[in-house]
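S.K.: Provided below: my_file-v9.txt, containing compact mmCIF, N, CA and C atoms and all ligand atoms.
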# COMPACT_ATOMS: atom_id res chain seq x y z
N MET A 1 89.49 -73.44 94.89
CA MET A 1 90.34 -72.28 94.64
C MET A 1 90.74 -72.23 93.16
N ASN A 2 90.91 -71.03 92.67
CA ASN A 2 91.40 -70.85 91.31
C ASN A 2 92.91 -70.66 91.34
N ILE A 3 93.59 -71.47 90.57
CA ILE A 3 95.06 -71.45 90.56
C ILE A 3 95.57 -71.17 89.15
N ALA A 4 96.54 -70.25 89.04
CA ALA A 4 97.18 -69.96 87.76
C ALA A 4 98.52 -70.67 87.68
N LEU A 5 98.79 -71.28 86.53
CA LEU A 5 100.05 -71.99 86.28
C LEU A 5 100.75 -71.37 85.08
N ILE A 6 101.96 -70.91 85.29
CA ILE A 6 102.70 -70.23 84.22
C ILE A 6 104.17 -70.61 84.35
N ALA A 7 104.82 -70.86 83.23
CA ALA A 7 106.27 -71.11 83.28
C ALA A 7 106.92 -70.59 82.01
N HIS A 8 108.04 -69.95 82.17
CA HIS A 8 108.84 -69.58 81.00
C HIS A 8 109.45 -70.85 80.41
N ASP A 9 109.89 -70.76 79.16
CA ASP A 9 110.24 -71.97 78.42
C ASP A 9 111.23 -72.88 79.16
N LYS A 10 112.30 -72.29 79.71
CA LYS A 10 113.32 -73.13 80.35
C LYS A 10 112.86 -73.66 81.71
N LYS A 11 111.72 -73.23 82.17
CA LYS A 11 111.19 -73.69 83.46
C LYS A 11 109.95 -74.59 83.29
N LYS A 12 109.56 -74.83 82.05
CA LYS A 12 108.33 -75.60 81.83
C LYS A 12 108.46 -77.03 82.33
N ASN A 13 109.62 -77.65 82.10
CA ASN A 13 109.78 -79.03 82.59
C ASN A 13 109.63 -79.08 84.11
N ASP A 14 110.20 -78.09 84.78
CA ASP A 14 110.10 -78.06 86.25
C ASP A 14 108.65 -77.96 86.69
N LEU A 15 107.88 -77.10 86.03
CA LEU A 15 106.49 -76.93 86.46
C LEU A 15 105.66 -78.17 86.14
N VAL A 16 105.93 -78.77 84.98
CA VAL A 16 105.21 -80.01 84.64
C VAL A 16 105.50 -81.08 85.70
N GLN A 17 106.76 -81.22 86.08
CA GLN A 17 107.11 -82.22 87.10
C GLN A 17 106.46 -81.88 88.45
N PHE A 18 106.43 -80.60 88.76
CA PHE A 18 105.86 -80.16 90.04
C PHE A 18 104.36 -80.48 90.10
N VAL A 19 103.64 -80.10 89.04
CA VAL A 19 102.19 -80.34 89.04
C VAL A 19 101.91 -81.85 89.01
N THR A 20 102.74 -82.60 88.30
CA THR A 20 102.58 -84.05 88.28
C THR A 20 102.77 -84.64 89.69
N ALA A 21 103.78 -84.15 90.39
CA ALA A 21 104.06 -84.66 91.73
C ALA A 21 102.92 -84.36 92.70
N TYR A 22 102.29 -83.20 92.53
CA TYR A 22 101.21 -82.80 93.44
C TYR A 22 99.84 -82.86 92.76
N GLN A 23 99.74 -83.73 91.78
CA GLN A 23 98.51 -83.84 90.99
C GLN A 23 97.27 -84.05 91.86
N ASN A 24 97.43 -84.85 92.93
CA ASN A 24 96.27 -85.14 93.78
C ASN A 24 95.74 -83.87 94.45
N ILE A 25 96.62 -82.91 94.69
CA ILE A 25 96.16 -81.65 95.28
C ILE A 25 95.62 -80.72 94.18
N PHE A 26 96.38 -80.59 93.10
CA PHE A 26 95.92 -79.69 92.03
C PHE A 26 94.57 -80.12 91.47
N SER A 27 94.29 -81.42 91.49
CA SER A 27 93.04 -81.91 90.92
C SER A 27 91.82 -81.44 91.71
N LYS A 28 92.04 -80.96 92.94
CA LYS A 28 90.91 -80.47 93.75
C LYS A 28 90.59 -79.01 93.45
N HIS A 29 91.39 -78.38 92.61
CA HIS A 29 91.23 -76.95 92.36
C HIS A 29 90.90 -76.71 90.89
N THR A 30 90.56 -75.45 90.58
CA THR A 30 90.27 -75.05 89.21
C THR A 30 91.52 -74.40 88.63
N LEU A 31 92.00 -74.96 87.54
CA LEU A 31 93.30 -74.56 87.02
C LEU A 31 93.19 -73.68 85.78
N PHE A 32 94.05 -72.69 85.73
CA PHE A 32 94.15 -71.78 84.58
C PHE A 32 95.63 -71.73 84.21
N ALA A 33 95.93 -71.44 82.95
CA ALA A 33 97.34 -71.36 82.56
C ALA A 33 97.49 -70.53 81.30
N THR A 34 98.70 -70.04 81.09
CA THR A 34 99.03 -69.46 79.80
C THR A 34 99.10 -70.60 78.78
N GLY A 35 98.99 -70.24 77.50
CA GLY A 35 98.78 -71.22 76.44
C GLY A 35 99.69 -72.43 76.42
N THR A 36 100.98 -72.20 76.24
CA THR A 36 101.89 -73.33 76.07
C THR A 36 102.08 -74.10 77.37
N THR A 37 102.16 -73.38 78.46
CA THR A 37 102.30 -74.04 79.76
C THR A 37 101.10 -74.96 80.01
N GLY A 38 99.91 -74.44 79.76
CA GLY A 38 98.69 -75.23 79.98
C GLY A 38 98.67 -76.47 79.11
N HIS A 39 99.10 -76.30 77.87
CA HIS A 39 99.13 -77.45 76.96
C HIS A 39 100.07 -78.54 77.49
N ARG A 40 101.25 -78.12 77.90
CA ARG A 40 102.25 -79.08 78.42
C ARG A 40 101.73 -79.81 79.65
N ILE A 41 101.10 -79.06 80.56
CA ILE A 41 100.66 -79.67 81.83
C ILE A 41 99.47 -80.60 81.60
N SER A 42 98.53 -80.18 80.77
CA SER A 42 97.36 -81.05 80.57
C SER A 42 97.76 -82.31 79.79
N GLU A 43 98.74 -82.17 78.90
CA GLU A 43 99.25 -83.33 78.16
C GLU A 43 99.88 -84.34 79.13
N ALA A 44 100.63 -83.83 80.10
CA ALA A 44 101.36 -84.71 81.01
C ALA A 44 100.47 -85.30 82.10
N THR A 45 99.47 -84.54 82.52
CA THR A 45 98.68 -84.97 83.70
C THR A 45 97.24 -85.35 83.37
N GLY A 46 96.73 -84.83 82.28
CA GLY A 46 95.31 -85.06 81.96
C GLY A 46 94.38 -84.15 82.75
N LEU A 47 94.92 -83.26 83.55
CA LEU A 47 94.08 -82.36 84.34
C LEU A 47 93.38 -81.36 83.43
N PRO A 48 92.12 -81.02 83.74
CA PRO A 48 91.45 -79.98 82.96
C PRO A 48 92.03 -78.61 83.31
N ILE A 49 92.38 -77.86 82.28
CA ILE A 49 92.99 -76.53 82.50
C ILE A 49 92.39 -75.55 81.50
N THR A 50 91.92 -74.43 82.00
CA THR A 50 91.48 -73.35 81.11
C THR A 50 92.71 -72.62 80.62
N ARG A 51 92.89 -72.59 79.31
CA ARG A 51 94.11 -72.00 78.74
C ARG A 51 93.84 -70.64 78.15
N PHE A 52 94.71 -69.71 78.50
CA PHE A 52 94.65 -68.38 77.91
C PHE A 52 95.63 -68.30 76.75
N GLN A 53 95.81 -67.09 76.23
CA GLN A 53 96.81 -66.87 75.19
C GLN A 53 98.19 -67.27 75.72
N SER A 54 99.10 -67.52 74.81
CA SER A 54 100.49 -67.70 75.21
C SER A 54 100.96 -66.39 75.87
N GLY A 55 101.92 -66.53 76.79
CA GLY A 55 102.38 -65.36 77.53
C GLY A 55 102.74 -64.16 76.66
N PRO A 56 103.62 -64.33 75.68
CA PRO A 56 104.02 -63.18 74.86
C PRO A 56 102.86 -62.58 74.06
N LEU A 57 101.78 -63.32 73.93
CA LEU A 57 100.63 -62.82 73.15
C LEU A 57 99.51 -62.30 74.04
N GLY A 58 99.78 -62.16 75.35
CA GLY A 58 98.79 -61.55 76.23
C GLY A 58 98.28 -62.42 77.35
N GLY A 59 98.77 -63.66 77.43
CA GLY A 59 98.28 -64.58 78.46
C GLY A 59 98.52 -64.11 79.89
N ASP A 60 99.67 -63.49 80.11
CA ASP A 60 99.96 -62.98 81.46
C ASP A 60 98.94 -61.90 81.83
N GLN A 61 98.58 -61.09 80.86
CA GLN A 61 97.62 -60.01 81.13
C GLN A 61 96.23 -60.57 81.38
N GLU A 62 95.88 -61.65 80.70
CA GLU A 62 94.57 -62.26 80.96
C GLU A 62 94.49 -62.78 82.39
N ILE A 63 95.57 -63.39 82.85
CA ILE A 63 95.59 -63.86 84.25
C ILE A 63 95.59 -62.66 85.19
N GLY A 64 96.31 -61.61 84.82
CA GLY A 64 96.29 -60.38 85.62
C GLY A 64 94.88 -59.82 85.75
N ALA A 65 94.11 -59.90 84.68
CA ALA A 65 92.73 -59.39 84.72
C ALA A 65 91.90 -60.19 85.73
N MET A 66 92.13 -61.48 85.80
CA MET A 66 91.40 -62.28 86.80
C MET A 66 91.79 -61.86 88.22
N ILE A 67 93.06 -61.58 88.42
CA ILE A 67 93.51 -61.13 89.74
C ILE A 67 92.82 -59.81 90.09
N ALA A 68 92.78 -58.90 89.13
CA ALA A 68 92.16 -57.58 89.38
C ALA A 68 90.67 -57.72 89.70
N LYS A 69 90.05 -58.78 89.21
CA LYS A 69 88.62 -59.01 89.46
C LYS A 69 88.40 -59.92 90.68
N ASN A 70 89.47 -60.18 91.42
CA ASN A 70 89.39 -61.01 92.63
C ASN A 70 88.98 -62.45 92.32
N GLN A 71 89.42 -62.95 91.16
CA GLN A 71 89.01 -64.28 90.73
C GLN A 71 90.16 -65.29 90.77
N MET A 72 91.33 -64.88 91.22
CA MET A 72 92.46 -65.82 91.26
C MET A 72 92.99 -65.90 92.69
N ASP A 73 93.21 -67.12 93.17
CA ASP A 73 93.57 -67.31 94.58
C ASP A 73 95.05 -67.59 94.80
N ALA A 74 95.72 -68.12 93.81
CA ALA A 74 97.15 -68.41 93.96
C ALA A 74 97.78 -68.49 92.57
N VAL A 75 99.03 -68.10 92.49
CA VAL A 75 99.74 -68.11 91.20
C VAL A 75 101.06 -68.86 91.36
N PHE A 76 101.26 -69.85 90.50
CA PHE A 76 102.55 -70.52 90.40
C PHE A 76 103.17 -70.06 89.08
N PHE A 77 104.18 -69.23 89.19
CA PHE A 77 104.79 -68.63 88.01
C PHE A 77 106.29 -68.90 88.05
N PHE A 78 106.71 -69.99 87.40
CA PHE A 78 108.12 -70.35 87.38
C PHE A 78 108.83 -69.49 86.34
N ARG A 79 109.46 -68.43 86.82
CA ARG A 79 110.11 -67.48 85.92
C ARG A 79 111.53 -67.93 85.61
N ASP A 80 112.01 -67.55 84.45
CA ASP A 80 113.39 -67.81 84.07
C ASP A 80 114.18 -66.53 84.33
N PRO A 81 115.02 -66.54 85.36
CA PRO A 81 115.74 -65.31 85.72
C PRO A 81 116.95 -65.05 84.84
N LEU A 82 117.26 -65.97 83.92
CA LEU A 82 118.49 -65.85 83.14
C LEU A 82 118.25 -65.55 81.67
N THR A 83 116.99 -65.40 81.29
CA THR A 83 116.68 -65.15 79.88
C THR A 83 115.76 -63.93 79.75
N ALA A 84 116.13 -63.01 78.88
CA ALA A 84 115.29 -61.83 78.66
C ALA A 84 114.00 -62.25 77.95
N GLN A 85 112.88 -61.70 78.39
CA GLN A 85 111.58 -62.03 77.79
C GLN A 85 111.09 -60.85 76.96
N PRO A 86 110.57 -61.11 75.76
CA PRO A 86 110.08 -59.99 74.94
C PRO A 86 108.91 -59.26 75.59
N HIS A 87 108.19 -59.98 76.46
CA HIS A 87 107.01 -59.38 77.10
C HIS A 87 107.29 -59.11 78.58
N GLU A 88 108.50 -58.70 78.88
CA GLU A 88 108.89 -58.41 80.27
C GLU A 88 107.91 -57.46 80.97
N PRO A 89 107.40 -56.43 80.29
CA PRO A 89 106.44 -55.54 80.97
C PRO A 89 105.19 -56.29 81.45
N ASP A 90 104.75 -57.28 80.69
CA ASP A 90 103.58 -58.07 81.10
C ASP A 90 103.89 -58.90 82.34
N VAL A 91 105.11 -59.46 82.35
CA VAL A 91 105.54 -60.27 83.49
C VAL A 91 105.57 -59.40 84.74
N THR A 92 106.17 -58.23 84.61
CA THR A 92 106.25 -57.30 85.75
C THR A 92 104.85 -56.91 86.22
N ALA A 93 103.96 -56.67 85.27
CA ALA A 93 102.60 -56.26 85.63
C ALA A 93 101.87 -57.36 86.40
N LEU A 94 102.07 -58.60 85.99
CA LEU A 94 101.40 -59.71 86.67
C LEU A 94 101.91 -59.84 88.11
N VAL A 95 103.21 -59.77 88.26
CA VAL A 95 103.79 -59.86 89.62
C VAL A 95 103.30 -58.69 90.46
N ARG A 96 103.23 -57.52 89.86
CA ARG A 96 102.76 -56.34 90.59
C ARG A 96 101.32 -56.52 91.06
N LEU A 97 100.46 -57.04 90.20
CA LEU A 97 99.06 -57.22 90.60
C LEU A 97 98.92 -58.23 91.74
N CYS A 98 99.77 -59.25 91.74
CA CYS A 98 99.75 -60.19 92.88
C CYS A 98 100.04 -59.42 94.17
N ASP A 99 100.97 -58.48 94.11
CA ASP A 99 101.29 -57.68 95.29
C ASP A 99 100.17 -56.72 95.64
N VAL A 100 99.55 -56.14 94.64
CA VAL A 100 98.44 -55.20 94.90
C VAL A 100 97.32 -55.89 95.67
N TYR A 101 97.02 -57.14 95.27
CA TYR A 101 95.87 -57.85 95.84
C TYR A 101 96.26 -58.92 96.85
N SER A 102 97.54 -58.95 97.24
CA SER A 102 98.02 -59.95 98.21
C SER A 102 97.71 -61.38 97.79
N ILE A 103 97.91 -61.66 96.52
CA ILE A 103 97.70 -63.02 96.03
C ILE A 103 99.01 -63.80 96.15
N PRO A 104 98.99 -64.94 96.84
CA PRO A 104 100.22 -65.74 96.97
C PRO A 104 100.80 -66.09 95.60
N LEU A 105 102.10 -65.84 95.46
CA LEU A 105 102.78 -66.02 94.17
C LEU A 105 104.06 -66.81 94.40
N ALA A 106 104.16 -67.98 93.79
CA ALA A 106 105.39 -68.78 93.90
C ALA A 106 106.14 -68.66 92.59
N THR A 107 107.34 -68.09 92.64
CA THR A 107 108.10 -67.93 91.40
C THR A 107 109.22 -68.96 91.27
N ASN A 108 109.34 -69.84 92.25
CA ASN A 108 110.33 -70.91 92.11
C ASN A 108 109.86 -72.14 92.88
N MET A 109 110.55 -73.24 92.63
CA MET A 109 110.13 -74.54 93.18
C MET A 109 110.09 -74.53 94.72
N GLY A 110 111.04 -73.82 95.34
CA GLY A 110 111.10 -73.82 96.80
C GLY A 110 109.84 -73.22 97.41
N THR A 111 109.44 -72.06 96.88
CA THR A 111 108.23 -71.42 97.40
C THR A 111 106.99 -72.20 96.98
N ALA A 112 107.04 -72.77 95.80
CA ALA A 112 105.90 -73.53 95.30
C ALA A 112 105.57 -74.70 96.23
N GLU A 113 106.60 -75.37 96.74
CA GLU A 113 106.39 -76.47 97.68
C GLU A 113 105.61 -75.99 98.90
N LEU A 114 106.05 -74.85 99.44
CA LEU A 114 105.39 -74.31 100.63
C LEU A 114 103.95 -73.93 100.33
N LEU A 115 103.74 -73.30 99.19
CA LEU A 115 102.41 -72.81 98.85
C LEU A 115 101.43 -73.96 98.65
N ILE A 116 101.82 -74.97 97.89
CA ILE A 116 100.85 -76.05 97.62
C ILE A 116 100.58 -76.87 98.89
N ARG A 117 101.63 -77.08 99.70
CA ARG A 117 101.40 -77.81 100.95
C ARG A 117 100.57 -76.98 101.91
N GLY A 118 100.81 -75.68 101.92
CA GLY A 118 100.01 -74.80 102.77
C GLY A 118 98.55 -74.79 102.35
N MET A 119 98.32 -74.80 101.05
CA MET A 119 96.94 -74.83 100.56
C MET A 119 96.25 -76.10 101.01
N GLU A 120 96.97 -77.20 100.94
CA GLU A 120 96.39 -78.48 101.35
C GLU A 120 96.03 -78.48 102.84
N LEU A 121 96.78 -77.71 103.63
CA LEU A 121 96.53 -77.62 105.07
C LEU A 121 95.48 -76.56 105.40
N GLY A 122 94.94 -75.91 104.37
CA GLY A 122 93.89 -74.92 104.61
C GLY A 122 94.41 -73.53 104.91
N MET A 123 95.69 -73.30 104.66
CA MET A 123 96.27 -72.01 105.02
C MET A 123 95.85 -70.86 104.09
N LEU A 124 95.15 -71.22 103.03
CA LEU A 124 94.70 -70.17 102.12
C LEU A 124 93.18 -69.97 102.20
N ASP A 125 92.59 -70.54 103.24
CA ASP A 125 91.13 -70.45 103.35
C ASP A 125 90.64 -69.02 103.55
N TRP A 126 91.53 -68.13 104.00
CA TRP A 126 91.13 -66.73 104.15
C TRP A 126 90.68 -66.13 102.81
N ARG A 127 91.14 -66.71 101.73
CA ARG A 127 90.70 -66.21 100.41
C ARG A 127 89.18 -66.39 100.25
N ASN A 128 88.64 -67.47 100.79
CA ASN A 128 87.19 -67.69 100.69
C ASN A 128 86.44 -66.58 101.42
N VAL A 129 86.96 -66.15 102.56
CA VAL A 129 86.31 -65.08 103.33
C VAL A 129 86.31 -63.81 102.51
N ILE A 130 87.44 -63.50 101.91
CA ILE A 130 87.53 -62.27 101.11
C ILE A 130 86.55 -62.33 99.93
N LYS A 131 86.48 -63.49 99.30
CA LYS A 131 85.58 -63.60 98.13
C LYS A 131 84.12 -63.53 98.56
N GLU A 132 83.79 -64.19 99.68
CA GLU A 132 82.40 -64.15 100.15
C GLU A 132 81.98 -62.73 100.50
N ASN A 133 82.92 -61.97 101.06
CA ASN A 133 82.60 -60.58 101.46
C ASN A 133 82.68 -59.63 100.26
N GLY A 134 83.13 -60.15 99.11
CA GLY A 134 83.23 -59.30 97.93
C GLY A 134 84.17 -58.13 98.13
N GLU A 135 85.21 -58.35 98.95
CA GLU A 135 86.13 -57.25 99.23
C GLU A 135 86.95 -56.89 98.00
N VAL A 136 87.10 -55.63 97.76
CA VAL A 136 87.96 -55.18 96.67
C VAL A 136 88.99 -54.21 97.24
N ASN A 137 90.13 -54.20 96.59
CA ASN A 137 91.17 -53.28 97.02
C ASN A 137 90.85 -51.88 96.51
N GLU A 138 90.79 -50.94 97.43
CA GLU A 138 90.42 -49.58 97.01
C GLU A 138 91.60 -48.74 96.59
N GLY A 139 92.79 -49.31 96.66
CA GLY A 139 93.98 -48.66 96.13
C GLY A 139 94.47 -47.47 96.94
O1 LIG B 201 105.59 -66.43 78.69
C1 LIG B 201 104.98 -66.92 79.59
C2 LIG B 201 104.80 -66.19 80.86
O2 LIG B 201 105.35 -64.90 80.86
C3 LIG B 201 104.37 -68.26 79.47
O3 LIG B 201 103.64 -68.38 78.28
P1 LIG B 201 103.41 -69.81 77.63
O4 LIG B 201 102.85 -70.69 78.69
O5 LIG B 201 102.43 -69.60 76.52
O6 LIG B 201 104.76 -70.26 77.14
As structure tokens, please, write out the structure in this file.
Ligand SMILES: O=C(CO)COP(=O)(O)O

M.R.:
Amino acid sequence: MNIALIAHDKKKNDLVQFVTAYQNIFSKHTLFATGTTGHRISEATGLPITRFQSGPLGGDQEIGAMIAKNQMDAVFFFRDPLTAQPHEPDVTALVRLCDVYSIPLATNMGTAELLIRGMELGMLDWRNVIKENGEVNEG
């Protein structure tokens, strides 16, 4: 499965700790991340991660493009609800695309726990069926 990892600055430590804790599961998947988040996680875990631009420079939109092309299976996006982001429209667009394509999106640690454990139990295997059938959302 293709997994996106994104965290706003004040949530980066949380995401690094989360991925470190579940490293054995994340290592079975193909990881993508926005620039700084990806750097922090690969530094801490050694996991291979394809890094896009930093979020404010377009990284959220690059991940959104993968979602629109049916190439992303799950998104872990630890958002900071207490700090205004200069690229708020990009953040909103990414969350919206997850909803358009029914891509599981964890925006906090509580949901992230459920999502990663569910993935390990095979609860996201329906994504393989959708990808094999080449299904696209007709809007
Ligand atoms: O801003 C972000 C997501 O909106 C994250 O970007 P960075 O990982 O480059 O800090």

S.K.: Considering all atoms listed in the file, give me a table of residues in chain A that are at most 7 Å from ligand LIG 201 (chain B), with the closest atom pair and distance in Å for each, as a Markdown table.

M.R.:
| residue | atom | partner | partner_atom | distance |
| --- | --- | --- | --- | --- |
| A:Leu5 | C | B:LIG201 | O4 | 6.8 |
| A:Ile6 | CA | B:LIG201 | C3 | 5.4 |
| A:Ala7 | C | B:LIG201 | C3 | 4.3 |
| A:His8 | N | B:LIG201 | C3 | 4.9 |
| A:Asp9 | N | B:LIG201 | O6 | 5.5 |
| A:Ala33 | C | B:LIG201 | O4 | 6.0 |
| A:Thr34 | C | B:LIG201 | O4 | 3.8 |
| A:Gly35 | N | B:LIG201 | O5 | 3.6 |
| A:Thr36 | N | B:LIG201 | O5 | 3.0 |
| A:Thr37 | N | B:LIG201 | O4 | 2.8 |
| A:Gly38 | N | B:LIG201 | O4 | 4.9 |
| A:His39 | N | B:LIG201 | O4 | 6.8 |
| A:Phe52 | C | B:LIG201 | O5 | 6.9 |
| A:Gln53 | C | B:LIG201 | O5 | 4.9 |
| A:Ser54 | CA | B:LIG201 | O5 | 3.0 |
| A:Gly55 | N | B:LIG201 | O3 | 2.9 |
| A:Pro56 | N | B:LIG201 | O1 | 4.2 |
| A:Leu57 | N | B:LIG201 | O5 | 6.8 |
| A:Gly59 | CA | B:LIG201 | O3 | 6.6 |
| A:Asp60 | CA | B:LIG201 | O2 | 5.8 |
| A:His87 | C | B:LIG201 | O2 | 6.5 |
| A:Asp90 | C | B:LIG201 | O2 | 6.3 |
| A:Val91 | CA | B:LIG201 | O2 | 5.3 |

S.K.: Selected residues, N, CA and C atoms, written as a short mmCIF file (atom, residue, chain, number, x, y, z; two decimals), in the coordinates of the input, please.

M.R.:
data_model
loop_
_atom_site.label_atom_id
_atom_site.label_comp_id
_atom_site.auth_asym_id
_atom_site.auth_seq_id
_atom_site.Cartn_x
_atom_site.Cartn_y
_atom_site.Cartn_z
N LEU A 5 98.79 -71.28 86.53
CA LEU A 5 100.05 -71.99 86.28
C LEU A 5 100.75 -71.37 85.08
N ILE A 6 101.96 -70.91 85.29
CA ILE A 6 102.70 -70.23 84.22
C ILE A 6 104.17 -70.61 84.35
N ALA A 7 104.82 -70.86 83.23
CA ALA A 7 106.27 -71.11 83.28
C ALA A 7 106.92 -70.59 82.01
N HIS A 8 108.04 -69.95 82.17
CA HIS A 8 108.84 -69.58 81.00
C HIS A 8 109.45 -70.85 80.41
N ASP A 9 109.89 -70.76 79.16
CA ASP A 9 110.24 -71.97 78.42
C ASP A 9 111.23 -72.88 79.16
N ALA A 33 95.93 -71.44 82.95
CA ALA A 33 97.34 -71.36 82.56
C ALA A 33 97.49 -70.53 81.30
N THR A 34 98.70 -70.04 81.09
CA THR A 34 99.03 -69.46 79.80
C THR A 34 99.10 -70.60 78.78
N GLY A 35 98.99 -70.24 77.50
CA GLY A 35 98.78 -71.22 76.44
C GLY A 35 99.69 -72.43 76.42
N THR A 36 100.98 -72.20 76.24
CA THR A 36 101.89 -73.33 76.07
C THR A 36 102.08 -74.10 77.37
N THR A 37 102.16 -73.38 78.46
CA THR A 37 102.30 -74.04 79.76
C THR A 37 101.10 -74.96 80.01
N GLY A 38 99.91 -74.44 79.76
CA GLY A 38 98.69 -75.23 79.98
C GLY A 38 98.67 -76.47 79.11
N HIS A 39 99.10 -76.30 77.87
CA HIS A 39 99.13 -77.45 76.96
C HIS A 39 100.07 -78.54 77.49
N PHE A 52 94.71 -69.71 78.50
CA PHE A 52 94.65 -68.38 77.91
C PHE A 52 95.63 -68.30 76.75
N GLN A 53 95.81 -67.09 76.23
CA GLN A 53 96.81 -66.87 75.19
C GLN A 53 98.19 -67.27 75.72
N SER A 54 99.10 -67.52 74.81
CA SER A 54 100.49 -67.70 75.21
C SER A 54 100.96 -66.39 75.87
N GLY A 55 101.92 -66.53 76.79
CA GLY A 55 102.38 -65.36 77.53
C GLY A 55 102.74 -64.16 76.66
N PRO A 56 103.62 -64.33 75.68
CA PRO A 56 104.02 -63.18 74.86
C PRO A 56 102.86 -62.58 74.06
N LEU A 57 101.78 -63.32 73.93
CA LEU A 57 100.63 -62.82 73.15
C LEU A 57 99.51 -62.30 74.04
N GLY A 59 98.77 -63.66 77.43
CA GLY A 59 98.28 -64.58 78.46
C GLY A 59 98.52 -64.11 79.89
N ASP A 60 99.67 -63.49 80.11
CA ASP A 60 99.96 -62.98 81.46
C ASP A 60 98.94 -61.90 81.83
N HIS A 87 108.19 -59.98 76.46
CA HIS A 87 107.01 -59.38 77.10
C HIS A 87 107.29 -59.11 78.58
N ASP A 90 104.75 -57.28 80.69
CA ASP A 90 103.58 -58.07 81.10
C ASP A 90 103.89 -58.90 82.34
N VAL A 91 105.11 -59.46 82.35
CA VAL A 91 105.54 -60.27 83.49
C VAL A 91 105.57 -59.40 84.74
#

S.K.: Would you mind telling me which residue in A:Ala4, A:Val16, A:Ala112, A:Ala44 lies nearest to Thr30 of chain A when using only C-alpha atoms?

M.R.: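 Using only C-alpha atoms, Thr30 of chain A sits closest to A:Ala4.
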
S.K.: I'd like the contact shell of Thr107 of chain A - 5 Å cut-off, all atoms listed in the file, skipping same-chain residues fewer than 5 positions apart - returned as a VMD selection string.

M.R.: chain A and resid 77 to 79

S.K.: I'd like the neighbourhood of Met1 of chain A as a list of chain:residue names, where a residue qualifies if any of its atoms comes within 6 Å (using only N, CA and C atoms), though same-chain residues fewer than 3 positions away should be ignored.

M.R.: A:Lys28, A:His29, A:Thr30, A:Asp73

S.K.: Write the residues of the selection above to a file with N, CA and C atoms, as a JSON list (two decimals), keeping the file's coordinate frame.

M.R.:
[["chain", "number", "residue", "atom", "x", "y", "z"],
["A", 28, "LYS", "N", 92.04, -80.96, 92.94],
["A", 28, "LYS", "CA", 90.91, -80.47, 93.75],
["A", 28, "LYS", "C", 90.59, -79.01, 93.45],
["A", 29, "HIS", "N", 91.39, -78.38, 92.61],
["A", 29, "HIS", "CA", 91.23, -76.95, 92.36],
["A", 29, "HIS", "C", 90.90, -76.71, 90.89],
["A", 30, "THR", "N", 90.56, -75.45, 90.58],
["A", 30, "THR", "CA", 90.27, -75.05, 89.21],
["A", 30, "THR", "C", 91.52, -74.40, 88.63],
["A", 73, "ASP", "N", 93.21, -67.12, 93.17],
["A", 73, "ASP", "CA", 93.57, -67.31, 94.58],
["A", 73, "ASP", "C", 95.05, -67.59, 94.80]]

S.K.: Identify, on the basis of all atoms listed in the file, every residue whose closest approach to segment 127-134 of chain A does not exceed 7 Å; exclude the query and any residue fewer than 2 positions from it along the same chain; express the result as a VMD selection string.

M.R.: chain A and resid 70 73 123 to 125 136

S.K.: Could you write out that same residue set with N, CA and C atoms as a compact mmCIF listing (two decimals), in the frame of the given file?

M.R.:
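out_21.txt, written as the output of this step:
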# COMPACT_ATOMS: atom_id res chain seq x y z
N ASN A 70 89.47 -60.18 91.42
CA ASN A 70 89.39 -61.01 92.63
C ASN A 70 88.98 -62.45 92.32
N ASP A 73 93.21 -67.12 93.17
CA ASP A 73 93.57 -67.31 94.58
C ASP A 73 95.05 -67.59 94.80
N MET A 123 95.69 -73.30 104.66
CA MET A 123 96.27 -72.01 105.02
C MET A 123 95.85 -70.86 104.09
N LEU A 124 95.15 -71.22 103.03
CA LEU A 124 94.70 -70.17 102.12
C LEU A 124 93.18 -69.97 102.20
N ASP A 125 92.59 -70.54 103.24
CA ASP A 125 91.13 -70.45 103.35
C ASP A 125 90.64 -69.02 103.55
N VAL A 136 87.10 -55.63 97.76
CA VAL A 136 87.96 -55.18 96.67
C VAL A 136 88.99 -54.21 97.24

S.K.: Could you please write out, as an MDAnalysis selection string, every residue of segment 31-76 of chain A that DSSP assigns to strand (DSSP E)?

M.R.: chainID A and resid 31:33 49:51 74:76

S.K.: Could you write those residues out with N, CA and C atoms, as a JSON list (two decimals), in the coordinates of the input?

M.R.:
[["chain", "number", "residue", "atom", "x", "y", "z"],
["A", 31, "LEU", "N", 92.00, -74.96, 87.54],
["A", 31, "LEU", "CA", 93.30, -74.56, 87.02],
["A", 31, "LEU", "C", 93.19, -73.68, 85.78],
["A", 32, "PHE", "N", 94.05, -72.69, 85.73],
["A", 32, "PHE", "CA", 94.15, -71.78, 84.58],
["A", 32, "PHE", "C", 95.63, -71.73, 84.21],
["A", 33, "ALA", "N", 95.93, -71.44, 82.95],
["A", 33, "ALA", "CA", 97.34, -71.36, 82.56],
["A", 33, "ALA", "C", 97.49, -70.53, 81.30],
["A", 49, "ILE", "N", 92.38, -77.86, 82.28],
["A", 49, "ILE", "CA", 92.99, -76.53, 82.50],
["A", 49, "ILE", "C", 92.39, -75.55, 81.50],
["A", 50, "THR", "N", 91.92, -74.43, 82.00],
["A", 50, "THR", "CA", 91.48, -73.35, 81.11],
["A", 50, "THR", "C", 92.71, -72.62, 80.62],
["A", 51, "ARG", "N", 92.89, -72.59, 79.31],
["A", 51, "ARG", "CA", 94.11, -72.00, 78.74],
["A", 51, "ARG", "C", 93.84, -70.64, 78.15],
["A", 74, "ALA", "N", 95.72, -68.12, 93.81],
["A", 74, "ALA", "CA", 97.15, -68.41, 93.96],
["A", 74, "ALA", "C", 97.78, -68.49, 92.57],
["A", 75, "VAL", "N", 99.03, -68.10, 92.49],
["A", 75, "VAL", "CA", 99.74, -68.11, 91.20],
["A", 75, "VAL", "C", 101.06, -68.86, 91.36],
["A", 76, "PHE", "N", 101.26, -69.85, 90.50],
["A", 76, "PHE", "CA", 102.55, -70.52, 90.40],
["A", 76, "PHE", "C", 103.17, -70.06, 89.08]]

S.K.: Which value, in Å to one decimal, gives the distance between atom CA of Thr45 of chain A and atom CA of Val19 of chain A?

M.R.: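 Taking atom CA of Thr45 of chain A as the start and atom CA of Val19 of chain A as the end point, the length is 7.9 Å.
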